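As stored in target.cif (mmCIF, C-alpha atoms and all ligand atoms):
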```
data_target
#
loop_
_atom_site.label_atom_id
_atom_site.label_comp_id
_atom_site.auth_asym_id
_atom_site.auth_seq_id
_atom_site.Cartn_x
_atom_site.Cartn_y
_atom_site.Cartn_z
CA MET A 1 5.44 -50.27 4.82
CA ARG A 2 8.05 -52.02 7.00
CA VAL A 3 7.73 -51.50 10.73
CA ASP A 4 11.47 -51.15 11.49
CA ILE A 5 11.91 -47.67 9.97
CA LYS A 6 8.74 -46.55 11.77
CA SER A 7 10.17 -47.86 15.06
CA GLN A 8 13.34 -45.91 14.40
CA LEU A 9 11.31 -42.81 13.64
CA ILE A 10 9.48 -43.12 16.96
CA TYR A 11 12.75 -43.72 18.86
CA TYR A 12 14.56 -40.69 17.41
CA SER A 13 11.43 -38.50 17.54
CA LYS A 14 11.24 -39.07 21.31
CA LYS A 15 14.93 -38.11 21.58
CA LEU A 16 14.10 -34.75 19.96
CA GLN A 17 11.80 -33.95 22.87
CA GLN A 18 14.14 -35.41 25.52
CA LYS A 19 16.93 -33.14 24.24
CA ASN A 20 14.65 -30.07 24.23
CA PHE A 21 14.87 -29.70 20.46
CA VAL A 22 11.08 -29.29 20.59
CA ILE A 23 8.61 -28.29 23.30
CA GLY A 24 5.07 -29.71 23.55
CA PRO A 25 3.46 -30.77 20.25
CA GLY A 26 5.93 -28.71 18.16
CA GLY A 27 8.04 -30.15 15.36
CA ASN A 28 7.31 -33.00 13.01
CA THR A 29 9.07 -36.05 11.58
CA SER A 30 8.41 -38.50 8.79
CA CYS A 31 9.91 -41.51 7.05
CA LYS A 32 9.43 -43.00 3.60
CA ILE A 33 9.45 -46.48 2.13
CA GLU A 34 8.82 -46.82 -1.57
CA ASP A 35 5.84 -44.62 -2.49
CA ARG A 36 4.45 -44.06 0.97
CA ILE A 37 5.38 -41.73 3.80
CA ALA A 38 4.46 -42.05 7.49
CA ILE A 39 4.25 -38.73 9.34
CA LYS A 40 3.62 -37.56 12.89
CA PRO A 41 0.01 -36.52 13.43
CA SER A 42 -0.94 -32.94 14.23
CA GLY A 43 -1.23 -31.96 17.90
CA LEU A 44 0.51 -34.95 19.49
CA GLU A 45 3.77 -34.73 21.43
CA PHE A 46 6.69 -36.92 20.38
CA GLU A 47 6.88 -38.41 23.88
CA GLU A 48 3.39 -39.96 23.53
CA LEU A 49 3.78 -41.09 19.92
CA LYS A 50 3.14 -44.74 18.91
CA ILE A 51 3.68 -46.42 15.53
CA SER A 52 -0.09 -46.74 15.03
CA ASP A 53 -0.44 -42.94 15.43
CA LEU A 54 1.62 -42.24 12.29
CA VAL A 55 -0.51 -41.00 9.40
CA GLU A 56 0.32 -42.36 5.95
CA ILE A 57 0.38 -40.49 2.66
CA ASP A 58 0.56 -42.19 -0.74
CA LEU A 59 3.02 -40.46 -3.07
CA SER A 60 2.60 -42.80 -6.05
CA SER A 61 0.67 -40.27 -8.13
CA GLU A 62 1.23 -36.59 -8.90
CA ASN A 63 -1.39 -35.64 -6.30
CA PRO A 64 -0.48 -37.22 -2.94
CA SER A 65 -3.39 -38.88 -1.18
CA LEU A 66 -3.98 -39.23 2.54
CA LEU A 67 -4.81 -42.72 3.81
CA PRO A 68 -7.77 -42.88 6.21
CA HIS A 69 -6.70 -42.38 9.85
CA LYS A 70 -8.24 -41.17 13.10
CA PHE A 71 -5.66 -38.35 13.25
CA ARG A 72 -4.85 -35.50 10.87
CA PRO A 73 -1.26 -35.43 9.54
CA SER A 74 1.16 -32.77 10.79
CA SER A 75 0.09 -29.32 9.59
CA GLU A 76 3.48 -29.14 7.81
CA TYR A 77 2.90 -32.32 5.79
CA LEU A 78 3.07 -30.43 2.49
CA MET A 79 6.66 -29.43 3.32
CA HIS A 80 7.54 -33.12 3.79
CA VAL A 81 5.76 -34.16 0.58
CA LYS A 82 7.60 -31.53 -1.48
CA ILE A 83 11.02 -32.55 -0.12
CA TYR A 84 10.39 -36.25 -0.83
CA GLN A 85 9.15 -35.44 -4.35
CA MET A 86 12.37 -33.53 -5.09
CA ARG A 87 14.84 -35.82 -3.28
CA PRO A 88 13.93 -39.47 -4.00
CA GLU A 89 17.05 -40.72 -2.18
CA ILE A 90 15.81 -39.31 1.16
CA SER A 91 13.99 -41.58 3.64
CA CYS A 92 13.58 -39.32 6.66
CA ILE A 93 12.75 -35.67 7.37
CA ILE A 94 13.04 -34.04 10.78
CA HIS A 95 11.71 -30.60 11.66
CA ALA A 96 12.45 -29.27 15.15
CA HIS A 97 12.79 -26.01 17.07
CA PRO A 98 16.34 -26.19 18.51
CA PRO A 99 16.75 -23.22 20.90
CA TYR A 100 20.39 -22.22 20.26
CA VAL A 101 19.88 -22.37 16.48
CA ILE A 102 16.76 -20.19 16.74
CA GLY A 103 18.35 -17.79 19.25
CA LEU A 104 21.55 -17.12 17.31
CA THR A 105 19.92 -16.78 13.90
CA ALA A 106 17.16 -14.53 15.30
CA CYS A 107 20.04 -12.17 16.20
CA ASP A 108 21.33 -12.41 12.61
CA ILE A 109 24.32 -14.45 13.73
CA GLU A 110 25.28 -16.88 11.00
CA ILE A 111 26.03 -20.40 12.23
CA LYS A 112 29.47 -21.34 10.93
CA HIS A 113 31.75 -24.32 11.34
CA LEU A 114 33.84 -24.64 14.48
CA PHE A 115 34.75 -28.35 14.46
CA PRO A 116 35.26 -31.13 11.86
CA ASP A 117 32.16 -33.29 12.54
CA GLY A 118 29.91 -30.35 11.72
CA VAL A 119 31.55 -30.04 8.30
CA VAL A 120 31.33 -33.78 7.59
CA TYR A 121 27.64 -34.21 8.37
CA LEU A 122 26.13 -30.77 7.68
CA GLY A 123 28.14 -29.86 4.56
CA GLU A 124 30.26 -26.88 3.63
CA LYS A 125 27.63 -24.20 4.20
CA ILE A 126 24.55 -24.16 6.43
CA PRO A 127 21.71 -22.51 4.45
CA LEU A 128 19.03 -20.31 6.02
CA ILE A 129 15.73 -18.86 4.81
CA ASP A 130 13.94 -15.81 6.18
CA TYR A 131 10.84 -16.14 8.33
CA CYS A 132 7.72 -17.37 6.56
CA THR A 133 4.33 -18.22 8.11
CA PRO A 134 4.24 -21.92 9.16
CA CYS A 135 1.87 -24.42 7.53
CA THR A 136 1.64 -22.46 4.26
CA THR A 137 2.28 -23.57 0.69
CA LYS A 138 4.72 -20.67 0.42
CA LEU A 139 6.88 -22.11 3.22
CA ALA A 140 6.72 -25.62 1.72
CA GLU A 141 7.87 -24.27 -1.65
CA LEU A 142 10.64 -22.13 -0.11
CA VAL A 143 11.95 -25.14 1.80
CA GLN A 144 11.80 -27.34 -1.30
CA THR A 145 13.86 -24.82 -3.29
CA ASN A 146 16.44 -24.07 -0.62
CA ILE A 147 17.18 -27.60 0.65
CA LYS A 148 17.69 -28.89 -2.90
CA HIS A 149 21.48 -29.26 -2.59
CA HIS A 150 21.75 -29.64 1.20
CA HIS A 151 20.87 -31.93 4.10
CA VAL A 152 20.00 -29.10 6.45
CA LEU A 153 18.07 -25.83 6.33
CA ILE A 154 17.51 -23.24 9.06
CA LEU A 155 14.12 -21.47 9.12
CA LYS A 156 14.75 -18.08 10.71
CA ASN A 157 12.61 -17.33 13.81
CA HIS A 158 11.19 -20.83 13.58
CA GLY A 159 13.54 -23.82 13.63
CA ALA A 160 15.43 -26.19 11.36
CA ILE A 161 14.96 -29.09 8.97
CA THR A 162 17.36 -31.97 8.47
CA ILE A 163 17.02 -34.82 5.99
CA GLY A 164 18.75 -38.16 5.59
CA GLU A 165 18.96 -41.41 3.71
CA ASN A 166 17.79 -42.96 6.96
CA VAL A 167 16.32 -41.82 10.30
CA LYS A 168 19.62 -41.94 12.21
CA SER A 169 21.45 -39.66 9.77
CA ALA A 170 18.64 -37.07 9.75
CA TYR A 171 18.60 -37.09 13.58
CA LEU A 172 22.39 -36.86 13.84
CA ARG A 173 22.35 -33.78 11.62
CA MET A 174 19.78 -32.06 13.87
CA GLU A 175 21.82 -32.91 16.97
CA LEU A 176 25.05 -31.66 15.38
CA LEU A 177 23.43 -28.46 14.17
CA GLU A 178 22.18 -27.59 17.66
CA ASN A 179 25.54 -28.62 19.17
CA LEU A 180 27.33 -26.30 16.74
CA ALA A 181 25.03 -23.41 17.62
CA TYR A 182 25.56 -24.12 21.35
CA ILE A 183 29.34 -24.14 21.02
CA GLN A 184 29.22 -20.93 18.99
CA TRP A 185 27.11 -19.36 21.76
CA ILE A 186 29.74 -20.40 24.34
CA ALA A 187 32.53 -18.93 22.21
CA LEU A 188 30.56 -15.73 21.68
CA ASN A 189 29.99 -15.36 25.42
CA LEU A 190 33.66 -15.91 26.16
CA LYS A 191 34.94 -13.50 23.54
CA GLY A 192 32.00 -11.10 23.28
CA ASN A 193 32.67 -10.55 19.59
CA LEU A 194 32.13 -12.78 16.54
CA ASN A 195 35.32 -11.48 14.94
CA GLN A 196 37.41 -12.97 17.73
CA ILE A 197 36.10 -16.51 17.30
CA ASN A 198 38.37 -18.91 15.40
CA PHE A 199 35.96 -20.43 12.87
CA LEU A 200 37.27 -23.11 10.52
CA SER A 201 38.63 -21.50 7.34
CA LYS A 202 37.47 -22.32 3.80
CA GLU A 203 40.74 -24.26 3.37
CA ASN A 204 40.17 -26.20 6.61
CA ILE A 205 36.67 -27.11 5.39
CA GLU A 206 37.83 -28.21 1.95
CA GLU A 207 40.56 -30.40 3.46
CA ILE A 208 38.08 -32.07 5.82
CA LEU A 209 35.62 -32.77 2.99
CA ASN A 210 38.41 -34.31 0.90
CA LEU A 211 39.64 -36.69 3.59
CA GLU A 212 39.14 -40.31 2.53
CA SER A 213 38.36 -41.26 6.15
CA GLU A 214 35.58 -38.67 6.33
CA LYS A 215 34.09 -39.75 3.01
CA TYR A 216 33.93 -43.25 4.51
CA ARG A 217 32.14 -41.89 7.61
CA GLN A 218 29.66 -40.04 5.39
CA ASP A 219 29.01 -43.16 3.29
CA ILE A 220 28.46 -45.40 6.29
CA LEU A 221 25.58 -43.17 7.41
CA LYS A 222 23.67 -43.90 4.20
ZN ZN A 301 7.90 -25.73 13.31
#
```
Render the structure in this file as structure tokens.
Amino acid sequence: MRVDIKSQLIYYSKKLQQKNFVIGPGGNTSCKIEDRIAIKPSGLEFEELKISDLVEIDLSSENPSLLPHKFRPSSEYLMHVKIYQMRPEISCIIHAHPPYVIGLTACDIEIKHLFPDGVVYLGEKIPLIDYCTPCTTKLAELVQTNIKHHHVLILKNHGAITIGENVKSAYLRMELLENLAYIQWIALNLKGNLNQINFLSKENIEEILNLESEKYRQDILK
């Protein structure tokens, strides 16, 4: 496996912790080249992560096999495996616990589009699944089913997952998602009522997604 994508994974994983998208050893990230994925080990913080700490999993056969390593893989590794098996075009998965996303959705407030960049990089609708116990096969299967047509998925009372054709695009989506939730929180505090916030309309969203300039910006991320 090439080292450059692993270096990128380490760089953006550390940014997740610097931006408070995760606290302590929470969250997990992985990248894929050909039939092999490299994933954060269980129990380590992103800030202390080195390339040699990444645990590798071979996906070349139906039953993924863990390569020998001194660390265990992230306890959510099955979730990563199932996403890669379903979405062969994806090279990076990020799972974090962004506070504004968790806070708003725990109050049953749907995160909706307020500015064009959110639409371009997160897609028309931001899907959400109900709470499910972490590290279970049930959660891995729920995530696999619900992220099928998206690049982002919110896990209620838990966090969010973003995926990308490369590490940078998966990270950008996580950053934009939390930024959108933060701006919505500001608007909600100013107005005190969701009905008084000017969200982008369905027509606004369709027009943004059809802009040639935005299609170019989406393509350049790949
Ligand atoms: Zn988590």
Can you pull out every residue with an atom within 9 Å of ligand ZN 301 (chain A)? Use all atoms listed in the file and format it as a ChimeraX atom specification.
/A:22,26-28,76,95-97,134-135,155,158-161
Please, could you write that set of residues out with C-alpha atoms as a PDB file, in the frame of the given file?
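The resulting file, result07.pdb, is shown below:
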```
ATOM      1  CA  VAL A  22      11.080 -29.290  20.590  1.00  0.00           C
ATOM      2  CA  GLY A  26       5.930 -28.710  18.160  1.00  0.00           C
ATOM      3  CA  GLY A  27       8.040 -30.150  15.360  1.00  0.00           C
ATOM      4  CA  ASN A  28       7.310 -33.000  13.010  1.00  0.00           C
ATOM      5  CA  GLU A  76       3.480 -29.140   7.810  1.00  0.00           C
ATOM      6  CA  HIS A  95      11.710 -30.600  11.660  1.00  0.00           C
ATOM      7  CA  ALA A  96      12.450 -29.270  15.150  1.00  0.00           C
ATOM      8  CA  HIS A  97      12.790 -26.010  17.070  1.00  0.00           C
ATOM      9  CA  PRO A 134       4.240 -21.920   9.160  1.00  0.00           C
ATOM     10  CA  CYS A 135       1.870 -24.420   7.530  1.00  0.00           C
ATOM     11  CA  LEU A 155      14.120 -21.470   9.120  1.00  0.00           C
ATOM     12  CA  HIS A 158      11.190 -20.830  13.580  1.00  0.00           C
ATOM     13  CA  GLY A 159      13.540 -23.820  13.630  1.00  0.00           C
ATOM     14  CA  ALA A 160      15.430 -26.190  11.360  1.00  0.00           C
ATOM     15  CA  ILE A 161      14.960 -29.090   8.970  1.00  0.00           C
TER      16      ILE A 161
END
```
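Nearest to A:Glu110 of all the residues A:Pro25, A:Pro68, A:Pro127, A:Pro88 is A:Pro127, counting all atoms listed in the file.
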Counting only C-alpha atoms, figure out which residue out of A:Ile154, A:Ile90, A:Ser61, A:Gly123 gets nearest to A:Leu142.
A:Ile154
Could you check which of A:Ile33, A:Ile93, A:Leu44, A:Leu188 is closest to A:Val167, using all atoms listed in the file?
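Comparing A:Ile33, A:Ile93, A:Leu44, A:Leu188 against A:Val167, the winner is A:Ile93.
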Which residue gives the smallest distance to A:Asn195 among A:Gln18, A:Leu153, A:Ile83, A:Ile109, with all atoms listed in the file counted?
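With all atoms listed in the file as the atom set, the closest residue is A:Ile109.
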Distance in Å - atom CA of A:Lys70 versus atom CA of A:Val55:
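Atom CA of A:Lys70 sits 8.6 Å away from atom CA of A:Val55.
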Looking at A:Leu180, A:Cys92, A:Ile186, A:Leu221, which one is nearest to A:Pro116, with distances taken over all atoms listed in the file?
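Between A:Leu180, A:Cys92, A:Ile186, A:Leu221, the residue approaching A:Pro116 most closely is A:Leu180.
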Nearby residues (all atoms listed in the file) at most 10 Å from A:Ile197, same-chain spacing under 6 positions excluded, as an MDAnalysis selection string
chainID A and resid 114 184 187:188 190:191
Computed gap from atom CA of A:Met86 to atom CA of A:Glu141 is 10.9 Å
Atom-to-atom span, atom CA of A:Cys31 and atom CA of A:Lys148, Å:
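One can read the atom CA of A:Cys31 to atom CA of A:Lys148 distance as 17.9 Å.
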Closest to A:Tyr131 among A:Leu200, A:Val143, A:Met174, A:Leu194, using all atoms listed in the file?
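Smallest distance to A:Tyr131 is found for A:Val143.
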Near A:Gln144, within 12 Å and counting only C-alpha atoms, which residues show up once chain neighbours fewer than 3 positions away are dropped, as a VMD selection string?
chain A and resid 78 to 87 129 137 to 141 147 to 153 161 163
Contacts of A:Asp58 at 10 Å or less, counting all atoms listed in the file, minus same-chain residues fewer than 4 places along, as a list in words?
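Within the cut-off, the hits are Lys32, Glu34, Asp35, Arg36, Ile37, Ala38, Glu62, Asn63, Pro64, Ser65, Leu66, Leu67 and Val81 of chain A.
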Go ahead and dump the residues you just picked, C-alpha atoms, as a PDB file, keeping the file's coordinate frame.
```pdb
ATOM      1  CA  LYS A  32       9.430 -43.000   3.600  1.00  0.00           C
ATOM      2  CA  GLU A  34       8.820 -46.820  -1.570  1.00  0.00           C
ATOM      3  CA  ASP A  35       5.840 -44.620  -2.490  1.00  0.00           C
ATOM      4  CA  ARG A  36       4.450 -44.060   0.970  1.00  0.00           C
ATOM      5  CA  ILE A  37       5.380 -41.730   3.800  1.00  0.00           C
ATOM      6  CA  ALA A  38       4.460 -42.050   7.490  1.00  0.00           C
ATOM      7  CA  GLU A  62       1.230 -36.590  -8.900  1.00  0.00           C
ATOM      8  CA  ASN A  63      -1.390 -35.640  -6.300  1.00  0.00           C
ATOM      9  CA  PRO A  64      -0.480 -37.220  -2.940  1.00  0.00           C
ATOM     10  CA  SER A  65      -3.390 -38.880  -1.180  1.00  0.00           C
ATOM     11  CA  LEU A  66      -3.980 -39.230   2.540  1.00  0.00           C
ATOM     12  CA  LEU A  67      -4.810 -42.720   3.810  1.00  0.00           C
ATOM     13  CA  VAL A  81       5.760 -34.160   0.580  1.00  0.00           C
TER      14      VAL A  81
END
```
Would you kindly return, as a list in words, each protein, DNA or RNA residue with an atom no farther than 12 Å from any atom of A:Ile183, considering only C-alpha atoms and excluding same-chain residues fewer than 6 positions away?
Tyr100, Val101, Leu104, Ile111, Lys112, His113, Leu114, Phe115, Gly118, Leu176, Leu177, Asn189, Leu190, Ile197, Asn198 and Phe199 of chain A
Kindly export the residues of the current selection with C-alpha atoms, as a PDB file, in the coordinates of the input.
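This went into part.pdb:
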```
ATOM      1  CA  TYR A 100      20.390 -22.220  20.260  1.00  0.00           C
ATOM      2  CA  VAL A 101      19.880 -22.370  16.480  1.00  0.00           C
ATOM      3  CA  LEU A 104      21.550 -17.120  17.310  1.00  0.00           C
ATOM      4  CA  ILE A 111      26.030 -20.400  12.230  1.00  0.00           C
ATOM      5  CA  LYS A 112      29.470 -21.340  10.930  1.00  0.00           C
ATOM      6  CA  HIS A 113      31.750 -24.320  11.340  1.00  0.00           C
ATOM      7  CA  LEU A 114      33.840 -24.640  14.480  1.00  0.00           C
ATOM      8  CA  PHE A 115      34.750 -28.350  14.460  1.00  0.00           C
ATOM      9  CA  GLY A 118      29.910 -30.350  11.720  1.00  0.00           C
ATOM     10  CA  LEU A 176      25.050 -31.660  15.380  1.00  0.00           C
ATOM     11  CA  LEU A 177      23.430 -28.460  14.170  1.00  0.00           C
ATOM     12  CA  ASN A 189      29.990 -15.360  25.420  1.00  0.00           C
ATOM     13  CA  LEU A 190      33.660 -15.910  26.160  1.00  0.00           C
ATOM     14  CA  ILE A 197      36.100 -16.510  17.300  1.00  0.00           C
ATOM     15  CA  ASN A 198      38.370 -18.910  15.400  1.00  0.00           C
ATOM     16  CA  PHE A 199      35.960 -20.430  12.870  1.00  0.00           C
TER      17      PHE A 199
END
```
Extract, using all atoms listed in the file, all DNA, RNA and protein residues at most 7 Å from stretch 209-214 of chain A, discarding same-chain residues fewer than 4 positions from it, and format them as a ChimeraX atom specification.
/A:120,205,218
Selected residues written out with C-alpha atoms, as a compact mmCIF listing (two decimals), in the frame of the given file:
```txt
# COMPACT_ATOMS: atom_id res chain seq x y z
CA VAL A 120 31.33 -33.78 7.59
CA ILE A 205 36.67 -27.11 5.39
CA GLN A 218 29.66 -40.04 5.39
```
Mind listing as a list in words all residues within 8 Å of (23.0, -30.9, 24.3), counting only C-alpha atoms?
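Protein, DNA and RNA residues close to (23.0, -30.9, 24.3): Lys19, Glu175, Glu178, Asn179 and Tyr182 of chain A.
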